[in-house]
file start-v1.tsv (TSV, C-alpha atoms)
chain	number	residue	atom	x	y	z
A	1	MET	CA	-13.90	3.31	-10.62
A	2	ASN	CA	-17.49	2.13	-10.79
A	3	SER	CA	-17.61	-0.43	-8.00
A	4	ASP	CA	-16.93	0.50	-4.39
A	5	PRO	CA	-13.35	-0.60	-3.79
A	6	GLY	CA	-13.73	-0.43	-0.03
A	7	PHE	CA	-11.74	1.40	2.56
A	8	TYR	CA	-8.15	0.88	3.64
A	9	SER	CA	-5.92	1.41	6.60
A	10	ILE	CA	-2.21	1.43	5.69
A	11	ILE	CA	0.35	0.76	8.41
A	12	ASP	CA	3.85	1.65	7.26
A	13	TYR	CA	7.14	0.90	9.06
A	14	THR	CA	10.82	1.36	8.24
A	15	VAL	CA	12.92	-1.50	9.63
A	16	ASP	CA	16.59	-2.45	9.89
A	17	GLY	CA	16.58	-5.67	7.87
A	18	PRO	CA	14.83	-8.83	6.65
A	19	GLU	CA	14.78	-10.44	10.11
A	20	THR	CA	12.93	-7.46	11.55
A	21	GLN	CA	10.54	-7.54	8.59
A	22	LYS	CA	9.72	-11.14	9.54
A	23	GLU	CA	9.28	-10.37	13.22
A	24	LEU	CA	7.09	-7.35	12.52
A	25	VAL	CA	4.85	-9.31	10.13
A	26	GLU	CA	4.46	-12.12	12.70
A	27	ALA	CA	3.65	-9.64	15.46
A	28	PHE	CA	1.14	-7.61	13.44
A	29	ALA	CA	-0.50	-10.73	12.00
A	30	GLU	CA	-1.18	-11.85	15.55
A	31	ILE	CA	-2.65	-8.40	16.34
A	32	GLN	CA	-5.07	-8.85	13.44
A	33	GLU	CA	-6.05	-12.31	14.65
A	34	ARG	CA	-6.58	-11.29	18.26
A	35	TRP	CA	-7.99	-7.79	17.85
A	36	VAL	CA	-9.35	-7.08	14.37
A	37	ARG	CA	-10.31	-9.89	11.97
A	38	PHE	CA	-13.62	-10.79	13.64
A	39	TYR	CA	-15.26	-7.38	13.18
A	40	PRO	CA	-18.00	-7.02	10.53
A	41	GLY	CA	-16.70	-5.75	7.21
A	42	TYR	CA	-13.11	-6.86	7.77
A	43	ARG	CA	-11.81	-8.25	4.46
A	44	SER	CA	-8.07	-8.84	4.89
A	45	ALA	CA	-4.73	-7.64	6.14
A	46	ARG	CA	-1.97	-8.09	3.57
A	47	PHE	CA	1.66	-7.78	4.61
A	48	HIS	CA	4.02	-6.33	1.99
A	49	VAL	CA	7.77	-6.53	2.65
A	50	SER	CA	10.22	-4.60	0.50
A	51	THR	CA	12.75	-6.64	-1.47
A	52	ASP	CA	15.57	-4.52	0.00
A	53	GLY	CA	14.64	-5.44	3.58
A	54	THR	CA	13.92	-1.89	4.75
A	55	ARG	CA	10.17	-1.57	4.85
A	56	VAL	CA	6.90	-3.25	5.83
A	57	TYR	CA	3.38	-2.25	4.80
A	58	ASN	CA	0.30	-3.76	6.35
A	59	ILE	CA	-2.67	-2.91	4.14
A	60	VAL	CA	-5.95	-3.63	5.94
A	61	HIS	CA	-9.01	-3.78	3.71
A	62	TRP	CA	-12.53	-3.03	4.99
A	63	ALA	CA	-15.75	-3.50	3.03
A	64	SER	CA	-16.68	0.15	3.61
A	65	GLU	CA	-15.73	3.24	5.55
A	66	ALA	CA	-18.83	2.68	7.72
A	67	ASP	CA	-17.52	-0.76	8.72
A	68	TYR	CA	-14.15	0.69	9.61
A	69	ARG	CA	-15.75	3.48	11.67
A	70	ARG	CA	-17.92	0.94	13.50
A	71	PHE	CA	-14.81	-1.10	14.29
A	72	VAL	CA	-13.08	1.99	15.71
A	73	GLU	CA	-16.11	2.91	17.80
A	74	THR	CA	-17.00	-0.53	19.13
A	75	SER	CA	-13.60	-2.20	19.53
A	76	ASP	CA	-11.26	-2.12	22.50
A	77	THR	CA	-8.89	0.52	21.17
A	78	GLU	CA	-7.00	0.79	24.44
A	79	GLY	CA	-6.40	-2.96	24.62
A	80	ARG	CA	-5.37	-3.09	20.96
A	81	MET	CA	-2.94	-0.17	21.33
A	82	ALA	CA	-1.39	-1.79	24.40
A	83	ALA	CA	-1.01	-5.06	22.46
A	84	ILE	CA	0.67	-3.19	19.58
A	85	GLN	CA	3.09	-1.49	21.98
A	86	GLU	CA	3.86	-4.84	23.60
A	87	ALA	CA	4.39	-6.45	20.18
A	88	LEU	CA	6.75	-3.69	19.08
A	89	ALA	CA	8.67	-3.91	22.35
A	90	GLY	CA	9.17	-7.65	21.74
A	91	ILE	CA	10.90	-7.14	18.40
A	92	SER	CA	14.67	-7.48	18.54
A	93	GLY	CA	15.47	-5.07	15.67
A	94	ASP	CA	14.49	-1.45	14.98
A	95	ALA	CA	11.05	-0.62	13.58
A	96	GLU	CA	9.95	2.99	13.09
A	97	PRO	CA	6.45	4.05	12.05
A	98	ARG	CA	6.26	6.16	8.88
A	99	MET	CA	2.60	7.11	9.16
A	100	ASN	CA	1.62	10.75	9.39
A	101	GLY	CA	-1.94	11.80	10.11
A	102	ALA	CA	-4.87	9.41	9.81
A	103	PRO	CA	-3.72	6.17	8.14
A	104	THR	CA	-7.05	5.70	6.33
A	105	TYR	CA	-7.38	5.64	2.55
A	106	ARG	CA	-9.81	5.49	-0.32
A	107	VAL	CA	-8.94	4.05	-3.72
A	108	VAL	CA	-9.92	6.84	-6.11
A	109	ARG	CA	-8.64	5.46	-9.39
A	110	GLU	CA	-7.44	2.25	-10.99
A	111	VAL	CA	-5.54	1.91	-14.27
A	112	GLY	CA	-5.83	-1.60	-15.72
A	113	PRO	CA	-3.86	-3.13	-18.59
A	114	GLY	CA	-4.48	-1.54	-21.99
A	115	PRO	CA	-2.88	-0.07	-25.08
A	116	ARG	CA	-0.30	2.66	-24.82
A	117	SER	CA	-1.92	6.09	-24.75
A	118	SER	CA	-0.50	8.70	-27.05
A	119	GLY	CA	0.67	11.95	-25.51
A	120	ASP	CA	-2.06	13.81	-27.38
A	121	THR	CA	-5.07	12.52	-25.48
B	1	MET	CA	-0.05	-17.82	1.39
B	2	ASN	CA	-0.35	-20.70	-1.05
B	3	SER	CA	-1.01	-18.88	-4.31
B	4	ASP	CA	1.49	-16.46	-5.81
B	5	PRO	CA	0.15	-13.03	-4.91
B	6	GLY	CA	2.34	-11.32	-7.47
B	7	PHE	CA	4.80	-8.52	-7.12
B	8	TYR	CA	4.24	-4.89	-6.21
B	9	SER	CA	5.80	-1.52	-6.68
B	10	ILE	CA	4.61	1.03	-4.10
B	11	ILE	CA	5.00	4.74	-4.89
B	12	ASP	CA	4.45	6.87	-1.81
B	13	TYR	CA	4.13	10.68	-1.64
B	14	THR	CA	3.36	13.21	1.07
B	15	VAL	CA	1.33	16.14	-0.27
B	16	ASP	CA	-0.03	19.46	0.99
B	17	GLY	CA	-3.76	18.82	0.57
B	18	PRO	CA	-6.67	17.21	-1.29
B	19	GLU	CA	-6.17	19.29	-4.45
B	20	THR	CA	-2.59	18.10	-4.75
B	21	GLN	CA	-3.76	14.52	-4.12
B	22	LYS	CA	-6.08	14.90	-7.13
B	23	GLU	CA	-3.40	16.42	-9.35
B	24	LEU	CA	-0.86	13.77	-8.41
B	25	VAL	CA	-3.30	10.93	-9.10
B	26	GLU	CA	-4.17	12.40	-12.51
B	27	ALA	CA	-0.52	12.88	-13.40
B	28	PHE	CA	0.59	9.40	-12.30
B	29	ALA	CA	-2.44	7.73	-13.91
B	30	GLU	CA	-1.34	9.26	-17.21
B	31	ILE	CA	2.20	7.96	-16.62
B	32	GLN	CA	0.77	4.45	-16.25
B	33	GLU	CA	-1.26	4.82	-19.45
B	34	ARG	CA	1.61	6.18	-21.53
B	35	TRP	CA	4.55	4.27	-20.10
B	36	VAL	CA	3.55	1.16	-18.15
B	37	ARG	CA	0.16	-0.52	-18.61
B	38	PHE	CA	0.92	-2.21	-21.95
B	39	TYR	CA	3.83	-4.33	-20.67
B	40	PRO	CA	3.25	-8.08	-20.20
B	41	GLY	CA	2.33	-9.01	-16.65
B	42	TYR	CA	0.99	-5.56	-15.71
B	43	ARG	CA	-2.14	-6.08	-13.61
B	44	SER	CA	-3.15	-2.67	-12.25
B	45	ALA	CA	-2.15	0.58	-10.65
B	46	ARG	CA	-4.42	1.55	-7.75
B	47	PHE	CA	-4.32	5.05	-6.34
B	48	HIS	CA	-4.96	5.35	-2.59
B	49	VAL	CA	-5.52	8.84	-1.16
B	50	SER	CA	-5.53	9.42	2.58
B	51	THR	CA	-8.75	10.75	4.10
B	52	ASP	CA	-6.78	13.56	5.78
B	53	GLY	CA	-5.46	14.87	2.46
B	54	THR	CA	-1.76	14.37	3.24
B	55	ARG	CA	-0.72	11.27	1.36
B	56	VAL	CA	-0.96	9.36	-1.91
B	57	TYR	CA	0.02	5.74	-2.56
B	58	ASN	CA	0.18	4.26	-6.02
B	59	ILE	CA	0.30	0.49	-5.70
B	60	VAL	CA	1.29	-1.16	-8.98
B	61	HIS	CA	0.59	-4.87	-9.23
B	62	TRP	CA	2.58	-7.18	-11.52
B	63	ALA	CA	1.78	-10.84	-12.20
B	64	SER	CA	5.28	-11.84	-11.09
B	65	GLU	CA	8.68	-10.48	-10.19
B	66	ALA	CA	9.97	-11.77	-13.53
B	67	ASP	CA	7.39	-9.62	-15.36
B	68	TYR	CA	8.41	-6.57	-13.36
B	69	ARG	CA	12.12	-7.20	-14.03
B	70	ARG	CA	11.40	-7.61	-17.77
B	71	PHE	CA	9.52	-4.31	-17.74
B	72	VAL	CA	12.48	-2.57	-16.08
B	73	GLU	CA	14.95	-4.08	-18.56
B	74	THR	CA	12.98	-3.56	-21.76
B	75	SER	CA	11.14	-0.30	-21.13
B	76	ASP	CA	12.34	3.24	-21.82
B	77	THR	CA	13.33	4.08	-18.25
B	78	GLU	CA	14.92	7.38	-19.25
B	79	GLY	CA	11.79	8.53	-21.08
B	80	ARG	CA	9.56	7.41	-18.21
B	81	MET	CA	11.69	9.18	-15.59
B	82	ALA	CA	11.67	12.38	-17.65
B	83	ALA	CA	7.86	12.14	-17.95
B	84	ILE	CA	7.55	11.68	-14.16
B	85	GLN	CA	9.75	14.73	-13.54
B	86	GLU	CA	7.68	16.74	-16.00
B	87	ALA	CA	4.45	15.56	-14.36
B	88	LEU	CA	5.69	16.51	-10.90
B	89	ALA	CA	6.86	19.91	-12.15
B	90	GLY	CA	3.36	20.56	-13.50
B	91	ILE	CA	1.68	20.08	-10.12
B	92	SER	CA	0.74	23.33	-8.40
B	93	GLY	CA	1.07	22.07	-4.80
B	94	ASP	CA	3.88	20.34	-2.92
B	95	ALA	CA	4.50	16.60	-3.34
B	96	GLU	CA	7.45	14.88	-1.67
B	97	PRO	CA	8.46	11.26	-2.27
B	98	ARG	CA	8.56	9.03	0.84
B	99	MET	CA	10.20	6.04	-0.77
B	100	ASN	CA	13.54	4.80	0.53
B	101	GLY	CA	15.49	2.09	-1.23
B	102	ALA	CA	13.91	-0.13	-3.87
B	103	PRO	CA	10.12	0.38	-3.89
B	104	THR	CA	9.41	-3.26	-4.75
B	105	TYR	CA	7.44	-5.58	-2.50
B	106	ARG	CA	6.27	-9.13	-1.99
B	107	VAL	CA	3.12	-10.03	-0.09
B	108	VAL	CA	4.35	-12.55	2.46
B	109	ARG	CA	1.22	-13.05	4.53
B	110	GLU	CA	-2.51	-12.45	4.47
B	111	VAL	CA	-4.90	-12.60	7.43
B	112	GLY	CA	-8.50	-13.11	6.33
B	113	PRO	CA	-11.67	-12.80	8.40
B	114	GLY	CA	-12.03	-15.38	11.16
B	115	PRO	CA	-12.76	-15.97	14.82
B	116	ARG	CA	-10.86	-14.13	17.50
B	117	SER	CA	-7.66	-15.95	18.45
B	118	SER	CA	-6.92	-16.42	22.09
B	119	GLY	CA	-3.64	-15.12	23.40
B	120	ASP	CA	-2.59	-18.66	24.28
B	121	THR	CA	-2.02	-19.93	20.78

call {"tool": "encode", "arguments": {"input": "start-v1.tsv", "output": "structure tokens"}}
result
Amino acid sequence: MNSDPGFYSIIDYTVDGPETQKELVEAFAEIQERWVRFYPGYRSARFHVSTDGTRVYNIVHWASEADYRRFVETSDTEGRMAAIQEALAGISGDAEPRMNGAPTYRVVREVGPGPRSSGDT
Amino acid sequence: MNSDPGFYSIIDYTVDGPETQKELVEAFAEIQERWVRFYPGYRSARFHVSTDGTRVYNIVHWASEADYRRFVETSDTEGRMAAIQEALAGISGDAEPRMNGAPTYRVVREVGPGPRSSGDT
């Protein structure tokens, strides 16, 4: 990829059904609005729910890794974590995190539409 | 969200380090080029690697669910699955799928940049 695609944080939960998907998205959207979206370099949080009702991804896009690091260093991490715990406690269904390690990502490659490649190349 | 954000397939692997991340991205990028990117409605496959070296997400974007369903119905699923197995077998490190259920997703909400919300709203 030629252009800088930014930096991502991917929050990944397994849930027990469509109602919990809805509750989790509502809760995490509010977390973004109260704790994250006003920091420099924040681009978006996009909530992906699986069609089978079992999973929720929140993909948070930052303009750059530096912006994300500045957010981590300058924001109220303790307050945000407490708000996340409170939000999770308020959900009626089961929601289990599936993250392991640091949930931060770089996009290293993109394959756009194009002709079928032969197996020889 | 007002506009149709499309339809996504999210392929999620845990791996044993940065070298395996690289190999997996190469292998799956070739799968896209040989088996997927020429179907109508295909928008992109974006490969996200975690900064800690433990995880790879391939997020495949389709213009609509109908386009994705048409791809599933009209494509050579058997050939594609065999190619994926072959690609995984050719990787020197460990790569374990983390998908459960159907790996298809809708984006149901997006939170853009904005002022901090108060807790009262």

call {"tool": "interface_residues", "arguments": {"input": "start-v1.tsv", "of": "chain A", "to": "chain B", "cutoff": "7 Å", "atoms": "all atoms listed in the file", "output": "PyMOL selection string"}}
result
chain A and resi 29+33-35+37-38+42-52+101-118

call {"tool": "atom_distance", "arguments": {"input": "start-v1.tsv", "atom1": "CA of Arg80 in chain A", "atom2": "CA of Val15 in chain A"}}
result
21.6 Å

call {"tool": "calpha_fit_and_write", "arguments": {"input": "start-v1.tsv", "fixed": "chain A", "moving": "chain B", "output": "compact mmCIF listing (two decimals) with C-alpha atoms, in the frame of the given file"}}
result
# COMPACT_ATOMS: atom_id res chain seq x y z
CA MET B 1 -13.97 3.40 -10.61
CA ASN B 2 -17.58 2.26 -10.74
CA SER B 3 -17.67 -0.33 -7.97
CA ASP B 4 -16.96 0.56 -4.36
CA PRO B 5 -13.39 -0.58 -3.79
CA GLY B 6 -13.76 -0.41 -0.04
CA PHE B 7 -11.74 1.39 2.55
CA TYR B 8 -8.15 0.87 3.64
CA SER B 9 -5.92 1.40 6.60
CA ILE B 10 -2.22 1.43 5.67
CA ILE B 11 0.35 0.76 8.40
CA ASP B 12 3.85 1.65 7.26
CA TYR B 13 7.15 0.90 9.05
CA THR B 14 10.82 1.35 8.25
CA VAL B 15 12.93 -1.49 9.64
CA ASP B 16 16.60 -2.44 9.91
CA GLY B 17 16.58 -5.65 7.87
CA PRO B 18 14.84 -8.82 6.67
CA GLU B 19 14.79 -10.44 10.13
CA THR B 20 12.94 -7.46 11.57
CA GLN B 21 10.55 -7.54 8.59
CA LYS B 22 9.73 -11.15 9.54
CA GLU B 23 9.28 -10.37 13.23
CA LEU B 24 7.09 -7.36 12.52
CA VAL B 25 4.86 -9.32 10.14
CA GLU B 26 4.44 -12.11 12.71
CA ALA B 27 3.65 -9.64 15.48
CA PHE B 28 1.15 -7.61 13.45
CA ALA B 29 -0.49 -10.73 12.00
CA GLU B 30 -1.19 -11.84 15.57
CA ILE B 31 -2.64 -8.40 16.34
CA GLN B 32 -5.07 -8.85 13.44
CA GLU B 33 -6.06 -12.32 14.66
CA ARG B 34 -6.59 -11.28 18.27
CA TRP B 35 -7.99 -7.78 17.85
CA VAL B 36 -9.33 -7.08 14.36
CA ARG B 37 -10.30 -9.88 11.96
CA PHE B 38 -13.61 -10.81 13.62
CA TYR B 39 -15.25 -7.39 13.17
CA PRO B 40 -17.99 -7.04 10.52
CA GLY B 41 -16.70 -5.74 7.21
CA TYR B 42 -13.09 -6.86 7.77
CA ARG B 43 -11.80 -8.23 4.46
CA SER B 44 -8.07 -8.85 4.89
CA ALA B 45 -4.73 -7.64 6.14
CA ARG B 46 -1.95 -8.10 3.57
CA PHE B 47 1.66 -7.78 4.61
CA HIS B 48 4.02 -6.32 1.98
CA VAL B 49 7.77 -6.54 2.65
CA SER B 50 10.23 -4.61 0.51
CA THR B 51 12.76 -6.65 -1.46
CA ASP B 52 15.58 -4.53 0.01
CA GLY B 53 14.65 -5.44 3.59
CA THR B 54 13.93 -1.88 4.76
CA ARG B 55 10.17 -1.57 4.85
CA VAL B 56 6.91 -3.25 5.82
CA TYR B 57 3.38 -2.25 4.80
CA ASN B 58 0.30 -3.77 6.34
CA ILE B 59 -2.67 -2.92 4.15
CA VAL B 60 -5.96 -3.63 5.92
CA HIS B 61 -9.02 -3.79 3.70
CA TRP B 62 -12.53 -3.03 4.99
CA ALA B 63 -15.75 -3.51 3.02
CA SER B 64 -16.68 0.14 3.60
CA GLU B 65 -15.74 3.23 5.54
CA ALA B 66 -18.82 2.68 7.70
CA ASP B 67 -17.51 -0.77 8.71
CA TYR B 68 -14.13 0.70 9.59
CA ARG B 69 -15.73 3.50 11.65
CA ARG B 70 -17.91 0.94 13.49
CA PHE B 71 -14.80 -1.10 14.27
CA VAL B 72 -13.07 1.99 15.69
CA GLU B 73 -16.11 2.91 17.79
CA THR B 74 -16.98 -0.53 19.13
CA SER B 75 -13.60 -2.20 19.52
CA ASP B 76 -11.27 -2.12 22.52
CA THR B 77 -8.89 0.51 21.17
CA GLU B 78 -7.00 0.78 24.45
CA GLY B 79 -6.41 -2.97 24.62
CA ARG B 80 -5.38 -3.09 20.96
CA MET B 81 -2.95 -0.18 21.34
CA ALA B 82 -1.39 -1.79 24.41
CA ALA B 83 -1.00 -5.07 22.47
CA ILE B 84 0.68 -3.20 19.58
CA GLN B 85 3.10 -1.51 21.99
CA GLU B 86 3.86 -4.86 23.59
CA ALA B 87 4.39 -6.46 20.18
CA LEU B 88 6.76 -3.70 19.09
CA ALA B 89 8.68 -3.93 22.37
CA GLY B 90 9.19 -7.65 21.76
CA ILE B 91 10.91 -7.14 18.40
CA SER B 92 14.68 -7.47 18.55
CA GLY B 93 15.48 -5.06 15.69
CA ASP B 94 14.50 -1.46 15.00
CA ALA B 95 11.07 -0.61 13.57
CA GLU B 96 9.95 3.00 13.10
CA PRO B 97 6.45 4.05 12.06
CA ARG B 98 6.23 6.16 8.87
CA MET B 99 2.59 7.09 9.16
CA ASN B 100 1.60 10.75 9.40
CA GLY B 101 -1.95 11.82 10.11
CA ALA B 102 -4.87 9.42 9.79
CA PRO B 103 -3.72 6.19 8.08
CA THR B 104 -7.04 5.69 6.29
CA TYR B 105 -7.38 5.63 2.52
CA ARG B 106 -9.82 5.48 -0.35
CA VAL B 107 -8.94 4.04 -3.74
CA VAL B 108 -9.91 6.82 -6.13
CA ARG B 109 -8.62 5.43 -9.41
CA GLU B 110 -7.43 2.22 -11.01
CA VAL B 111 -5.52 1.87 -14.28
CA GLY B 112 -5.82 -1.63 -15.74
CA PRO B 113 -3.85 -3.17 -18.60
CA GLY B 114 -4.45 -1.59 -21.99
CA PRO B 115 -2.86 -0.12 -25.09
CA ARG B 116 -0.29 2.63 -24.84
CA SER B 117 -1.92 6.06 -24.76
CA SER B 118 -0.53 8.72 -27.00
CA GLY B 119 0.60 11.94 -25.42
CA ASP B 120 -2.07 13.82 -27.37
CA THR B 121 -5.08 12.59 -25.47

call {"tool": "atom_distance", "arguments": {"input": "start-v1.tsv", "atom1": "CA of Ser92 in chain B", "atom2": "CA of Asp76 in chain B"}}
result
26.8 Å

call {"tool": "atom_distance", "arguments": {"input": "start-v1.tsv", "atom1": "CA of Ala87 in chain A", "atom2": "CA of Gly17 in chain A"}}
result
17.3 Å
